[in-house]
Amino acid sequence: MKVVSKIADVRQIRRSLQHPTRVGLVPTMGYLHAGHASLVAQAKKECDFVFTTIFVNPTQFGPKEDLSRYPRNLEGDLALLQKEGCDAVFTPSADEVYVPNHRTWVDVDGMDQTAEGIKRPGHFRGVATVVTKLFNIFQPTKAYFGQKDAIQSILIRKMVKDLNFPLDVVISPTVRDPDGLAMSSRNSYLSQRERANAPILYKALKAGESTYMKIRRPRRSEIVDACMQVFNSHPTPIEVDYISLASMETGEEIKEDVLPIQDGVLLAGVIKMGTTRLLDNVILPPKSG
């Protein structure tokens, strides 16, 4: 497994590959877990050569967010990637990715008006810009992302379509711990008590999903109420940041109470455990009214 930190070295590897070669790209911010490993494993099955990136992208963090304390473990990450058969790993510095006086940004219209975008202004501009850079650097055949960051997945698919990137975006199901908690690098922030309470988010979303499936013409208010009942019945008070019902295509919040169920709905939520934001979602499938 090759480990490089310079864009020029990535491009040299890319040029050395025989054609046609199916190249997979798994972008990450490091502190890898079984969810990341599953993306690499899927890429290995579908591609001839797999790159993984480990880069904590500063431009997707707000001024009061956790950039400085975001968990890092390069040695452990490389061991995991070696085990999964990754072919090459890119571990750049911020200065390698963003040249001095960097002024060019990619901004997918409407993303800052999604539920997550409102809470994290500028976040999705940072995501779109760094992913565009990675697509340009690696020229992948396929790029792999997890469903846990659902609005990010919608953004990337839209960006690839709008900017005519010649690649396929693969969104893989969220990998969970046995108690349902979505795997995330930020789970390492949780205290023992917070970790014990954290699965309440997925439990609440599943209650919303159950209500959606039972009702012929489900309403937004009914789904939100089902989720909130789970939170409110928990013995420990739960700080709910938001419950979102959004378009599967655009990520835009669905304003009307009667849901447009023919296209399916993205049900997402964020709760706070201490200083940690936990994000999760379930996809409510299309159904006839």
# chains A, B, ... in the order shown; residues from 1 in each chain; ligands from 1
>>> residues_around(residues="region 128-136 of chain A", least_positions_apart="6", cutoff="9 Å", atoms="only C-alpha atoms", output="ChimeraX atom specification")
/A:25,27,53,57,59-60,97-98,104-108,143,152,155-156,159-160,165,167
>>> write_last_selection(atoms="N, CA and C atoms", output="mmCIF file, in the first residue's frame")
data_model
loop_
_atom_site.group_PDB
_atom_site.id
_atom_site.type_symbol
_atom_site.label_atom_id
_atom_site.label_comp_id
_atom_site.auth_asym_id
_atom_site.auth_seq_id
_atom_site.Cartn_x
_atom_site.Cartn_y
_atom_site.Cartn_z
ATOM 1 N N LEU A 25 -12.473 5.651 -5.360
ATOM 2 C CA LEU A 25 -12.017 6.675 -4.410
ATOM 3 C C LEU A 25 -12.917 6.658 -3.190
ATOM 4 N N PRO A 27 -13.178 8.962 -0.029
ATOM 5 C CA PRO A 27 -12.736 10.127 0.745
ATOM 6 C C PRO A 27 -13.132 9.997 2.211
ATOM 7 N N THR A 53 -8.567 8.683 0.900
ATOM 8 C CA THR A 53 -7.977 9.927 1.382
ATOM 9 C C THR A 53 -8.223 10.059 2.876
ATOM 10 N N ASN A 57 -10.760 18.260 6.515
ATOM 11 C CA ASN A 57 -10.928 19.430 5.660
ATOM 12 C C ASN A 57 -11.341 20.663 6.464
ATOM 13 N N THR A 59 -12.181 23.658 5.677
ATOM 14 C CA THR A 59 -13.182 24.583 5.156
ATOM 15 C C THR A 59 -14.612 24.137 5.400
ATOM 16 N N GLN A 60 -14.825 22.927 5.901
ATOM 17 C CA GLN A 60 -16.194 22.507 6.204
ATOM 18 C C GLN A 60 -16.520 22.616 7.693
ATOM 19 N N VAL A 97 -3.704 21.053 -0.197
ATOM 20 C CA VAL A 97 -5.021 21.047 -0.846
ATOM 21 C C VAL A 97 -5.465 22.454 -1.214
ATOM 22 N N TYR A 98 -5.190 23.408 -0.333
ATOM 23 C CA TYR A 98 -5.609 24.795 -0.559
ATOM 24 C C TYR A 98 -4.366 25.671 -0.737
ATOM 25 N N THR A 104 -11.296 30.191 -4.849
ATOM 26 C CA THR A 104 -12.265 29.517 -5.706
ATOM 27 C C THR A 104 -13.055 28.494 -4.896
ATOM 28 N N TRP A 105 -14.385 28.570 -4.993
ATOM 29 C CA TRP A 105 -15.265 27.720 -4.201
ATOM 30 C C TRP A 105 -16.338 27.096 -5.071
ATOM 31 N N VAL A 106 -16.828 25.962 -4.635
ATOM 32 C CA VAL A 106 -17.958 25.306 -5.290
ATOM 33 C C VAL A 106 -19.129 25.370 -4.320
ATOM 34 N N ASP A 107 -20.232 25.922 -4.778
ATOM 35 C CA ASP A 107 -21.382 26.142 -3.904
ATOM 36 C C ASP A 107 -22.631 25.623 -4.610
ATOM 37 N N VAL A 108 -23.204 24.543 -4.115
ATOM 38 C CA VAL A 108 -24.411 23.968 -4.702
ATOM 39 C C VAL A 108 -25.608 24.727 -4.137
ATOM 40 N N ALA A 143 -16.814 6.840 -6.820
ATOM 41 C CA ALA A 143 -16.494 7.436 -5.522
ATOM 42 C C ALA A 143 -17.518 6.944 -4.515
ATOM 43 N N GLN A 152 -25.183 15.478 2.475
ATOM 44 C CA GLN A 152 -23.915 15.467 1.739
ATOM 45 C C GLN A 152 -24.017 14.569 0.509
ATOM 46 N N LEU A 155 -25.981 16.337 -2.119
ATOM 47 C CA LEU A 155 -25.139 17.400 -2.688
ATOM 48 C C LEU A 155 -24.160 16.836 -3.707
ATOM 49 N N ILE A 156 -23.468 15.772 -3.352
ATOM 50 C CA ILE A 156 -22.434 15.229 -4.239
ATOM 51 C C ILE A 156 -23.040 14.686 -5.524
ATOM 52 N N MET A 159 -23.963 17.699 -7.641
ATOM 53 C CA MET A 159 -22.765 18.345 -8.163
ATOM 54 C C MET A 159 -22.170 17.556 -9.327
ATOM 55 N N VAL A 160 -22.116 16.231 -9.177
ATOM 56 C CA VAL A 160 -21.571 15.390 -10.240
ATOM 57 C C VAL A 160 -22.407 15.514 -11.507
ATOM 58 N N PHE A 165 -19.218 15.489 -14.160
ATOM 59 C CA PHE A 165 -18.095 14.625 -13.782
ATOM 60 C C PHE A 165 -18.321 13.220 -14.340
ATOM 61 N N LEU A 167 -18.069 10.116 -13.579
ATOM 62 C CA LEU A 167 -17.875 9.095 -12.544
ATOM 63 C C LEU A 167 -19.220 8.726 -11.943
#
>>> select_by_dssp(residues="region 90-149 of chain A", states="helix (DSSP H, G or I)", output="tab-separated table (two decimals) with N, CA, C and O atoms, in the first residue's frame")
chain	number	residue	atom	x	y	z
A	94	ALA	N	-3.25	20.74	4.82
A	94	ALA	CA	-4.20	21.73	4.32
A	94	ALA	C	-3.55	22.62	3.26
A	94	ALA	O	-4.19	23.00	2.27
A	95	ASP	N	-2.28	22.93	3.43
A	95	ASP	CA	-1.59	23.77	2.46
A	95	ASP	C	-1.42	23.08	1.12
A	95	ASP	O	-1.30	23.75	0.08
A	96	GLU	N	-1.37	21.75	1.11
A	96	GLU	CA	-1.28	21.02	-0.15
A	96	GLU	C	-2.60	21.08	-0.91
A	96	GLU	O	-2.60	21.17	-2.14
A	97	VAL	N	-3.70	21.05	-0.20
A	97	VAL	CA	-5.02	21.05	-0.85
A	97	VAL	C	-5.47	22.45	-1.21
A	97	VAL	O	-6.06	22.68	-2.27
A	111	MET	N	-28.18	24.32	-0.63
A	111	MET	CA	-27.73	23.44	0.44
A	111	MET	C	-27.69	24.13	1.81
A	111	MET	O	-27.92	23.49	2.84
A	112	ASP	N	-27.42	25.42	1.83
A	112	ASP	CA	-27.40	26.14	3.10
A	112	ASP	C	-28.81	26.37	3.65
A	112	ASP	O	-28.95	26.85	4.78
A	113	GLN	N	-29.84	26.05	2.85
A	113	GLN	CA	-31.21	26.18	3.33
A	113	GLN	C	-31.80	24.85	3.77
A	113	GLN	O	-32.97	24.79	4.15
A	115	ALA	N	-31.99	21.63	6.48
A	115	ALA	CA	-31.98	21.66	7.95
A	115	ALA	C	-30.55	21.68	8.49
A	115	ALA	O	-30.23	22.44	9.42
A	116	GLU	N	-29.67	20.86	7.92
A	116	GLU	CA	-28.28	20.82	8.38
A	116	GLU	C	-27.52	22.06	7.94
A	116	GLU	O	-26.67	22.58	8.67
A	117	GLY	N	-27.82	22.55	6.74
A	117	GLY	CA	-27.14	23.74	6.24
A	117	GLY	C	-27.43	24.98	7.07
A	117	GLY	O	-26.56	25.83	7.27
A	118	ILE	N	-28.67	25.09	7.56
A	118	ILE	CA	-29.04	26.23	8.41
A	118	ILE	C	-28.25	26.19	9.72
A	118	ILE	O	-27.79	27.23	10.21
A	119	LYS	N	-28.05	25.00	10.25
A	119	LYS	CA	-27.30	24.85	11.50
A	119	LYS	C	-25.80	25.05	11.31
A	119	LYS	O	-25.10	25.43	12.24
A	123	HIS	N	-20.83	25.09	5.68
A	123	HIS	CA	-20.34	23.70	5.73
A	123	HIS	C	-20.36	23.04	4.36
A	123	HIS	O	-19.37	22.43	3.93
A	124	PHE	N	-21.48	23.16	3.67
A	124	PHE	CA	-21.61	22.43	2.42
A	124	PHE	C	-20.79	23.04	1.29
A	124	PHE	O	-20.41	22.34	0.36
A	125	ARG	N	-20.49	24.33	1.37
A	125	ARG	CA	-19.56	24.92	0.42
A	125	ARG	C	-18.19	24.29	0.59
A	125	ARG	O	-17.51	23.96	-0.40
A	126	GLY	N	-17.77	24.08	1.83
A	126	GLY	CA	-16.49	23.43	2.09
A	126	GLY	C	-16.47	22.00	1.60
A	126	GLY	O	-15.47	21.54	1.03
A	127	VAL	N	-17.58	21.28	1.82
A	127	VAL	CA	-17.66	19.90	1.35
A	127	VAL	C	-17.59	19.85	-0.17
A	127	VAL	O	-16.82	19.06	-0.75
A	128	ALA	N	-18.42	20.66	-0.83
A	128	ALA	CA	-18.46	20.64	-2.29
A	128	ALA	C	-17.11	20.99	-2.89
A	128	ALA	O	-16.68	20.39	-3.89
A	129	THR	N	-16.43	21.95	-2.29
A	129	THR	CA	-15.14	22.38	-2.83
A	129	THR	C	-14.09	21.29	-2.69
A	129	THR	O	-13.36	20.97	-3.64
A	130	VAL	N	-13.98	20.68	-1.51
A	130	VAL	CA	-12.93	19.68	-1.33
A	130	VAL	C	-13.23	18.43	-2.15
A	130	VAL	O	-12.31	17.82	-2.71
A	131	VAL	N	-14.50	18.03	-2.26
A	131	VAL	CA	-14.82	16.85	-3.06
A	131	VAL	C	-14.54	17.12	-4.54
A	131	VAL	O	-14.02	16.25	-5.25
A	132	THR	N	-14.83	18.31	-5.01
A	132	THR	CA	-14.48	18.67	-6.39
A	132	THR	C	-12.98	18.58	-6.60
A	132	THR	O	-12.51	18.06	-7.63
A	133	LYS	N	-12.22	19.07	-5.66
A	133	LYS	CA	-10.77	18.98	-5.76
A	133	LYS	C	-10.32	17.52	-5.84
A	133	LYS	O	-9.46	17.16	-6.66
A	134	LEU	N	-10.88	16.67	-5.00
A	134	LEU	CA	-10.48	15.26	-4.98
A	134	LEU	C	-10.85	14.57	-6.30
A	134	LEU	O	-10.08	13.77	-6.82
A	135	PHE	N	-12.02	14.88	-6.82
A	135	PHE	CA	-12.41	14.30	-8.11
A	135	PHE	C	-11.44	14.74	-9.21
A	135	PHE	O	-11.09	13.96	-10.09
A	136	ASN	N	-11.01	15.98	-9.14
A	136	ASN	CA	-10.06	16.49	-10.14
A	136	ASN	C	-8.69	15.83	-9.97
A	136	ASN	O	-8.04	15.45	-10.95
A	137	ILE	N	-8.26	15.65	-8.75
A	137	ILE	CA	-6.93	15.07	-8.49
A	137	ILE	C	-6.88	13.59	-8.87
A	137	ILE	O	-5.93	13.13	-9.50
A	138	PHE	N	-7.93	12.85	-8.50
A	138	PHE	CA	-7.89	11.38	-8.65
A	138	PHE	C	-8.50	10.86	-9.94
A	138	PHE	O	-8.16	9.76	-10.37
>>> closest_residue(among="A:Asn187, A:Thr141, A:Asn197, A:Ser247", to="His234 (chain A)", atoms="only C-alpha atoms")
A:Asn197
>>> closest_residue(among="A:Asp280, A:Asp257, A:Asp87, A:Glu222", to="Gly180 (chain A)", atoms="only C-alpha atoms")
A:Asp280
>>> residues_around(residues="Ala196 (chain A)", least_positions_apart="6", cutoff="10 Å", atoms="only C-alpha atoms", output="list in words")
Asp179, Leu181 and Leu190 of chain A
>>> write_last_selection(atoms="N, CA and C atoms", output="mmCIF file, in the first residue's frame")
data_model
loop_
_atom_site.group_PDB
_atom_site.id
_atom_site.type_symbol
_atom_site.label_atom_id
_atom_site.label_comp_id
_atom_site.auth_asym_id
_atom_site.auth_seq_id
_atom_site.Cartn_x
_atom_site.Cartn_y
_atom_site.Cartn_z
ATOM 1 N N ASP A 179 -26.449 -1.848 18.929
ATOM 2 C CA ASP A 179 -27.594 -1.162 19.545
ATOM 3 C C ASP A 179 -28.223 -0.120 18.627
ATOM 4 N N LEU A 181 -26.758 2.540 17.046
ATOM 5 C CA LEU A 181 -26.060 3.821 16.871
ATOM 6 C C LEU A 181 -25.248 3.809 15.583
ATOM 7 N N LEU A 190 -18.022 10.790 23.130
ATOM 8 C CA LEU A 190 -19.093 10.502 24.081
ATOM 9 C C LEU A 190 -18.551 9.913 25.378
#
>>> closest_residue(among="A:Pro63, A:Pro100, A:Gly110, A:Gly30", to="Glu253 (chain A)", atoms="only C-alpha atoms")
A:Gly110
>>> select_by_dssp(residues="region 18-258 of chain A", states="strand (DSSP E or B)", output="MDAnalysis selection string")
chainID A and resid 23:28 49:54 88:90 142:146 168:172 176 182 219 239:247 253 258
>>> residues_around(residues="Asp241 (chain A)", least_positions_apart="3", cutoff="8 Å", atoms="only C-alpha atoms", output="JSON, numbers by chain")
{"A": [269, 270, 271, 272]}
>>> closest_residue(among="A:Pro71, A:Gly274, A:Ser184, A:His36", to="Ser172 (chain A)", atoms="only C-alpha atoms")
A:His36
>>> atom_distance(atom1="CA of Ala37 (chain A)", atom2="CA of Glu75 (chain A)")
15.0 Å
>>> atom_distance(atom1="CA of Phe90 (chain A)", atom2="CA of Gln147 (chain A)")
22.7 Å
>>> residues_around(residues="Val265 (chain A)", least_positions_apart="6", cutoff="7 Å", atoms="only C-alpha atoms", output="ChimeraX atom specification")
/A:245-248,283-285
>>> write_last_selection(atoms="N, CA, C and O atoms", output="mmCIF file, in the first residue's frame")
data_model
loop_
_atom_site.group_PDB
_atom_site.id
_atom_site.type_symbol
_atom_site.label_atom_id
_atom_site.label_comp_id
_atom_site.auth_asym_id
_atom_site.auth_seq_id
_atom_site.Cartn_x
_atom_site.Cartn_y
_atom_site.Cartn_z
ATOM 1 N N LEU A 245 -37.832 16.445 7.659
ATOM 2 C CA LEU A 245 -38.438 15.635 6.599
ATOM 3 C C LEU A 245 -38.174 16.376 5.302
ATOM 4 O O LEU A 245 -38.648 17.495 5.096
ATOM 5 N N ALA A 246 -37.368 15.765 4.436
ATOM 6 C CA ALA A 246 -36.835 16.485 3.284
ATOM 7 C C ALA A 246 -36.970 15.677 2.000
ATOM 8 O O ALA A 246 -37.153 14.453 2.012
ATOM 9 N N SER A 247 -36.848 16.390 0.884
ATOM 10 C CA SER A 247 -36.871 15.773 -0.432
ATOM 11 C C SER A 247 -35.670 14.869 -0.616
ATOM 12 O O SER A 247 -34.533 15.269 -0.329
ATOM 13 N N MET A 248 -35.890 13.670 -1.141
ATOM 14 C CA MET A 248 -34.797 12.753 -1.427
ATOM 15 C C MET A 248 -33.925 13.260 -2.577
ATOM 16 O O MET A 248 -32.765 12.896 -2.681
ATOM 17 N N ILE A 283 -34.482 6.404 5.392
ATOM 18 C CA ILE A 283 -35.173 6.713 4.155
ATOM 19 C C ILE A 283 -36.570 6.106 4.204
ATOM 20 O O ILE A 283 -36.728 4.904 4.374
ATOM 21 N N LEU A 284 -37.566 6.967 4.085
ATOM 22 C CA LEU A 284 -38.962 6.525 4.052
ATOM 23 C C LEU A 284 -39.309 6.209 2.602
ATOM 24 O O LEU A 284 -39.264 7.108 1.750
ATOM 25 N N PRO A 285 -39.621 4.972 2.271
ATOM 26 C CA PRO A 285 -39.741 4.571 0.875
ATOM 27 C C PRO A 285 -40.964 5.166 0.185
ATOM 28 O O PRO A 285 -41.946 5.527 0.858
#
>>> residues_around(residues="Phe51 (chain A)", least_positions_apart="4", cutoff="10 Å", atoms="only C-alpha atoms", output="list in words")
Met1, Lys2, Val3, Val10, Arg14, Val23, Gly24, Leu25, Val26, Pro27, Val40, Ala43, Lys44, Leu81, Cys86, Asp87, Ala88, Val89, Phe90, Phe138, Pro140 and Ala143 of chain A
